[in-house]
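The block underneath contains the structure these notes are about, expressed in structure tokens.
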Amino acid sequence: MSFTETKSLLKIAKQGKRVFDVLKIRDDFPILHRTVNGKPLVYLDNAATTQKPKAVIDSITNYYTYENANIHRGLHFLSEVATEAFEGARLIVKEFINAMSASEIVFVKGATEAINLIANTMCRSDIFKSGDEIIISQMEHHANIVPWQINFQKKNIKLKVIPITDEGELDLDAYRNLFTERTKLVSIVHTSNSLGTVNPIKEIIEIAHKEGVQVLVDGSQAVPHRKVDVQDLDCDYFVFSGHKLFGPTGIGVLYGKTKYLEKLPPYQGGGDMIRTVSFEKSTFDDIPHKFEAGTPNIEGGIALGVAINYLNEFNFGDITSHEQSLLDYATSELLKINGLRIIGTSPNKASVISFVIDGIHPYDIGTIIDTDGIALRTGHHCTQPIMQRYNLPATARASFAFYNTLEEVDKLIAGLNKVIKMFS
Ligand SMILES: Cc1ncc(COP(=O)(O)O)c(C=O)c1O
């Protein structure tokens, strides 16, 4: 698919939306038609990574077959084509999350790198002074804990943690009480990858802004499931990974308000991020290029644009409501299983169900159910503080995407009943 075709796809998406037909959607994802252990694949590990539609897979082949060249620096034909496609993808991302400008979209490896970029550059700037504080929560992915710890070693900065309730919701009263005159940033997950909780992110941002504090939102598990508008949220930074949004691995997005990105120092140094270089001094390019040192993941950026264009073919409301039906049905069927306990019971959840079964280790659940072709994730899901909160070593987790079906939920329930029978 050439960039011209990519652009025309975006136009089609804006004109008319596809009727939501899950079986037709499944036909767009070749991997969903394979078998695993002789059984049709039931892929319920979408919070870890999503499968890719053919348009995304084809765009990568197309890029290397017809368009491959390094971007930004060349005047030759292919370099211009590749640059136009890559920068076109930035525009597609900008529209997708409704950023004010494409220069607010920084391409990174993924959500992890985006948070590392902010933690590193904020700590190197004079934004953080010794004794300052940032607020995170007990339900953060390790990607929103460890980068702060590593970078805070250089300065005496404190992490303050919003506790979670037994249902898996943030304790907002405790949150309000965490602010002091030293609070510089709130860095918070939009939707929990372990509990499925959708946090009241707009309210969280409003509270922080009233205190004069900036907010970074980890939207990794939000963007595949609901429409996100960064201007409406009024978040100061927003991060997500392409591979959880039906795009390839190794590409992700850091959104930041212009006024804040401009104040941060560069993250890494090298080619493509400079204006002038001499042995005495270098000067840096404008945002977003200031943060994109070296040759980026060109085909990844383009393919992420194609993944978003693919999603734009649908009404996002149809995606959200189909996933809600899957979540509601799976929750009610799982609760019929004796000895099964769901971890994370907030009424505001998206597409993730973590659970434990009395007397059976989650690893045994995952291994045995895999023999039926059912892909579940088991473990701490990179959220060890959540496991500590509930005093659990691990959970089993089913996570849905819009291509999953109610029949697949039935297969999950049948598979779990088989596991329980083996252990009884
Ligand atoms: C909520 C959340 N944040 C951050 C990440 C890190 O994403 P990545 O490994 O793609 O950088 C994940 C991945 O599971 C996640 O679920």
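Each chain of the structure tokens is named A, B, ... in the order shown, its residues numbered from 1; ligands are numbered from 1 in display order.
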Kindly provide, as an mmCIF file with C-alpha atoms, in the first residue's frame, all nucleotide and amino acid residues lying within 10 Å of ligand 1, counting only C-alpha atoms and all ligand atoms.
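Now in selection29.cif:
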data_model
loop_
_atom_site.group_PDB
_atom_site.id
_atom_site.type_symbol
_atom_site.label_atom_id
_atom_site.label_comp_id
_atom_site.auth_asym_id
_atom_site.auth_seq_id
_atom_site.Cartn_x
_atom_site.Cartn_y
_atom_site.Cartn_z
ATOM 1 C CA ASN A 46 -4.774 -8.790 23.723
ATOM 2 C CA ALA A 47 -3.609 -6.704 26.678
ATOM 3 C CA ALA A 48 -0.114 -8.103 26.075
ATOM 4 C CA THR A 49 -0.223 -7.512 22.333
ATOM 5 C CA VAL A 108 9.277 6.265 20.279
ATOM 6 C CA LYS A 109 9.690 2.493 20.715
ATOM 7 C CA GLY A 110 6.608 2.194 22.869
ATOM 8 C CA ALA A 111 4.943 3.351 26.075
ATOM 9 C CA THR A 112 7.958 2.224 28.101
ATOM 10 C CA GLU A 113 10.362 4.389 26.129
ATOM 11 C CA ALA A 114 7.937 7.327 26.220
ATOM 12 C CA ILE A 115 7.833 7.285 30.027
ATOM 13 C CA ASN A 116 11.610 6.811 30.217
ATOM 14 C CA MET A 139 -2.053 -0.041 39.817
ATOM 15 C CA GLU A 140 0.778 1.144 37.562
ATOM 16 C CA HIS A 141 2.545 -1.113 35.078
ATOM 17 C CA HIS A 142 6.252 -1.428 35.925
ATOM 18 C CA ALA A 143 6.831 0.914 32.958
ATOM 19 C CA ASN A 144 5.354 3.710 35.070
ATOM 20 C CA ILE A 145 7.309 2.873 38.227
ATOM 21 C CA ILE A 188 -1.125 7.685 36.022
ATOM 22 C CA VAL A 189 -2.554 4.772 34.081
ATOM 23 C CA HIS A 190 -5.791 5.378 32.166
ATOM 24 C CA THR A 191 -6.892 1.711 32.097
ATOM 25 C CA SER A 192 -5.260 -0.986 34.197
ATOM 26 C CA ASN A 193 -3.735 -3.912 32.294
ATOM 27 C CA SER A 194 -4.178 -6.208 35.333
ATOM 28 C CA GLY A 196 -9.229 -3.714 33.750
ATOM 29 C CA VAL A 217 -1.396 9.538 31.213
ATOM 30 C CA ASP A 218 -0.344 5.993 30.346
ATOM 31 C CA GLY A 219 -2.948 5.244 27.693
ATOM 32 C CA SER A 220 -1.542 1.884 26.547
ATOM 33 C CA GLN A 221 -4.715 -0.017 27.455
ATOM 34 C CA ALA A 222 -7.083 2.829 26.631
ATOM 35 C CA VAL A 239 1.750 7.631 25.901
ATOM 36 C CA PHE A 240 0.869 4.384 24.141
ATOM 37 C CA SER A 241 2.397 1.472 22.222
ATOM 38 C CA GLY A 242 1.603 0.669 18.587
ATOM 39 C CA HIS A 243 1.573 -3.099 19.073
ATOM 40 C CA LYS A 244 -1.380 -2.908 21.472
ATOM 41 C CA THR A 249 6.096 -3.770 17.803
ATOM 42 C CA GLY A 250 8.921 -1.272 18.272
ATOM 43 C CA ILE A 251 6.829 1.824 17.615
ATOM 44 C CA GLY A 252 4.854 3.947 20.031
ATOM 45 C CA VAL A 253 3.795 7.474 20.745
ATOM 46 C CA HIS A 381 1.407 -8.838 34.284
ATOM 47 C CA CYS A 382 4.263 -6.406 35.079
ATOM 48 C CA THR A 383 2.239 -5.106 38.027
#
Based on DSSP run over this structure's backbone, return all residues of stretch 241-421 of chain A in strand (DSSP E or B), as an MDAnalysis selection string. chainID A and resid 241 252:256 274:277 282:284 340:343 349 352:357 360 374:375 377:379 395:399
Looking at only C-alpha atoms, which of A:Lys202, A:Arg26, A:Lys418, A:Arg182 is the one that sits closest to A:Gln231? A:Lys202
Within 12 Å of A:Met273, counting only C-alpha atoms, which residues show up once you throw out same-chain ones fewer than 6 positions away? Write them as a PyMOL selection string, please. chain A and resi 72-73+106+265-267+282-296
When distances are computed from only C-alpha atoms, which of A:Leu334, A:Val213, A:Val419, A:Leu245 shows the smallest separation from A:Asp372?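 Checking each of A:Leu334, A:Val213, A:Val419, A:Leu245 against A:Asp372, counting only C-alpha atoms, the winner is A:Val419.
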For the structure I just gave you, how does DSSP split stretch 121-282 of chain A - specifically, which residues are alpha helix (DSSP H)? Reply as a CSV table (one decimal) with C-alpha atoms, in the first residue's frame.
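Listed below is the output, part.csv:
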chain,number,residue,atom,x,y,z
A,121,THR,CA,14.5,14.6,30.5
A,122,MET,CA,12.5,16.0,33.4
A,123,CYS,CA,15.1,14.8,35.9
A,124,ARG,CA,17.9,16.3,33.8
A,146,VAL,CA,10.8,1.8,37.4
A,147,PRO,CA,11.8,4.7,35.0
A,148,TRP,CA,11.0,7.1,37.8
A,149,GLN,CA,13.1,5.1,40.4
A,150,ILE,CA,16.1,4.9,38.0
A,151,ASN,CA,16.0,8.6,37.2
A,152,PHE,CA,15.3,9.7,40.8
A,172,LEU,CA,-9.6,9.5,45.1
A,173,ASP,CA,-9.8,11.0,48.6
A,174,ALA,CA,-6.3,9.6,49.4
A,175,TYR,CA,-5.2,11.0,46.0
A,176,ARG,CA,-6.3,14.5,46.9
A,177,ASN,CA,-4.4,14.3,50.2
A,178,LEU,CA,-1.1,13.4,48.5
A,201,ILE,CA,-9.0,10.2,34.2
A,202,LYS,CA,-10.6,13.5,33.4
A,203,GLU,CA,-11.3,14.1,37.1
A,204,ILE,CA,-7.8,13.0,38.1
A,205,ILE,CA,-6.4,15.5,35.6
A,206,GLU,CA,-8.7,18.3,36.9
A,207,ILE,CA,-7.7,17.7,40.5
A,208,ALA,CA,-4.0,17.9,39.6
A,209,HIS,CA,-4.4,21.0,37.4
A,210,LYS,CA,-6.2,22.8,40.3
A,230,VAL,CA,-6.1,14.5,24.5
A,231,GLN,CA,-7.4,18.0,24.2
A,232,ASP,CA,-10.7,17.1,25.8
A,233,LEU,CA,-8.8,15.2,28.6
A,258,THR,CA,3.9,22.0,22.9
A,259,LYS,CA,4.7,24.3,25.8
A,260,TYR,CA,6.1,21.4,27.8
A,261,LEU,CA,7.9,19.5,25.1
From the set A:Leu254, A:Tyr43, A:Pro362, A:Asp234, which residue has the shortest atom-to-atom contact distance to A:Glu104, counting only C-alpha atoms?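 Looking at the shortest contact to A:Glu104, the residue is A:Leu254.
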Which residues of stretch 15-54 of chain A sit at most 8 Å from stretch 312-317 of chain A, using only C-alpha atoms? Give each one's shortest atom pair and distance in Å (one decimal place), in chain and ascending residue order, as a Markdown table.
| residue | atom | partner | partner_atom | distance |
| --- | --- | --- | --- | --- |
| A:Gly16 | CA | A:Glu313 | CA | 7.5 |
| A:Lys17 | CA | A:Phe314 | CA | 5.0 |
| A:Arg18 | CA | A:Phe314 | CA | 5.2 |
| A:Val19 | CA | A:Phe314 | CA | 7.2 |
| A:Phe20 | CA | A:Phe314 | CA | 7.0 |
What's the 12 Å shell around A:Ala85, counting only C-alpha atoms, without same-chain residues fewer than 3 positions away, as a ChimeraX atom specification? /A:1-7,59-60,62-63,66-72,78-82,88-92,298-306
Give me a file of those residues, with C-alpha atoms, as a compact mmCIF listing (two decimals), in the first residue's frame.
# COMPACT_ATOMS: atom_id res chain seq x y z
CA MET A 1 0.00 0.00 0.00
CA SER A 2 1.58 3.28 -1.07
CA PHE A 3 1.28 6.47 0.95
CA THR A 4 -1.24 7.80 -1.60
CA GLU A 5 -3.35 4.73 -0.90
CA THR A 6 -2.85 5.29 2.84
CA LYS A 7 -4.15 8.83 2.46
CA SER A 59 2.13 -2.16 4.52
CA ILE A 60 5.42 -3.47 5.94
CA ASN A 62 5.02 -2.77 0.64
CA TYR A 63 7.41 -0.40 2.39
CA TYR A 66 8.73 -0.18 -3.00
CA GLU A 67 9.56 2.63 -0.59
CA ASN A 68 12.60 1.81 1.56
CA ALA A 69 15.03 4.71 2.05
CA ASN A 70 16.24 6.72 5.00
CA ILE A 71 14.03 9.69 5.79
CA HIS A 72 14.47 13.45 6.23
CA LEU A 78 12.63 7.19 -2.47
CA SER A 79 13.76 9.27 0.47
CA GLU A 80 10.99 11.74 -0.24
CA VAL A 81 8.40 8.97 -0.55
CA ALA A 82 9.51 7.38 2.74
CA GLY A 88 1.91 11.26 7.05
CA ALA A 89 1.64 8.63 9.79
CA ARG A 90 2.45 11.30 12.38
CA LEU A 91 -0.52 13.30 11.06
CA ILE A 92 -2.76 10.25 11.29
CA ILE A 298 10.25 4.02 9.65
CA GLU A 299 8.16 1.05 8.56
CA GLY A 300 6.76 0.78 12.10
CA GLY A 301 5.56 4.39 12.06
CA ILE A 302 3.97 3.93 8.64
CA ALA A 303 2.33 0.66 9.68
CA LEU A 304 0.99 2.28 12.86
CA GLY A 305 -0.65 4.91 10.64
CA VAL A 306 -2.18 2.09 8.59
For A:Leu327, which residue out of A:Glu133, A:Glu280, A:Asp364, A:Glu408 is the nearest one, using only C-alpha atoms?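 For A:Leu327, the nearest of the candidates is A:Glu408.
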Neighbouring residues of A:Gly344 were defined as those with any atom within 6 Å, considering only C-alpha atoms; residues of the same chain fewer than 5 positions away were excluded. Please report them as a ChimeraX atom specification. /A:167-168,195
Pick out the residues sitting within 8 Å of A:Lys184, and hand them over as a PDB file with N, CA and C atoms, in the first residue's frame; count only C-alpha atoms, and ignore anything fewer than 6 positions along from it in its own chain.
ATOM      1  N   ILE A 127      13.268  21.121  36.155  1.00  0.00           N
ATOM      2  CA  ILE A 127      11.860  20.996  36.563  1.00  0.00           C
ATOM      3  C   ILE A 127      11.784  20.335  37.944  1.00  0.00           C
ATOM      4  N   PHE A 128      12.596  19.280  38.140  1.00  0.00           N
ATOM      5  CA  PHE A 128      12.628  18.601  39.437  1.00  0.00           C
ATOM      6  C   PHE A 128      13.799  19.107  40.264  1.00  0.00           C
ATOM      7  N   ASP A 132      11.495  17.249  45.628  1.00  0.00           N
ATOM      8  CA  ASP A 132      10.214  17.268  44.909  1.00  0.00           C
ATOM      9  C   ASP A 132       9.567  15.879  44.930  1.00  0.00           C
ATOM     10  N   GLU A 133       8.286  15.866  44.512  1.00  0.00           N
ATOM     11  CA  GLU A 133       7.523  14.612  44.598  1.00  0.00           C
ATOM     12  C   GLU A 133       6.737  14.387  43.305  1.00  0.00           C
ATOM     13  N   ILE A 134       6.549  13.113  42.975  1.00  0.00           N
ATOM     14  CA  ILE A 134       5.563  12.822  41.931  1.00  0.00           C
ATOM     15  C   ILE A 134       4.588  11.783  42.467  1.00  0.00           C
ATOM     16  N   VAL A 213      -0.362  21.115  38.918  1.00  0.00           N
ATOM     17  CA  VAL A 213       0.560  19.995  38.660  1.00  0.00           C
ATOM     18  C   VAL A 213       0.259  19.373  37.293  1.00  0.00           C
ATOM     19  N   GLN A 214       1.315  19.056  36.533  1.00  0.00           N
ATOM     20  CA  GLN A 214       1.159  18.434  35.216  1.00  0.00           C
ATOM     21  C   GLN A 214       0.795  16.951  35.359  1.00  0.00           C
TER      22      GLN A 214
END
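Among the candidate residues A:Met422, A:His76, A:Leu412, A:Gly256, the one lying nearest to A:Gly373 is A:Leu412, with distances computed using only C-alpha atoms.
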Taking into account only C-alpha atoms, which residue in the set A:Thr395, A:Ser325, A:Ser101, A:Asn404 is nearest to A:Arg341?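 Nearest to A:Arg341: A:Thr395.
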Would you kindly return, as an NGL selection string, each protein, DNA or RNA residue with an atom no farther than 9 Å from any atom of stretch 392-394 of chain A, considering only C-alpha atoms and excluding same-chain residues fewer than 4 positions away? :A and (356 or 361-363 or 378-381 or 384 or 386-388)
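The interatomic distance for the pair atom CA of A:Gly271 and atom CA of A:Asn297 works out to 14.1 Å.
Taking atom CA of A:Glu87 as the reference point, atom CA of A:Val215 is found at 26.7 Å.
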Atom-to-atom span, atom CA of A:Ile365 and atom CA of A:Thr50, Å: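 These two atoms are separated by 21.3 Å.
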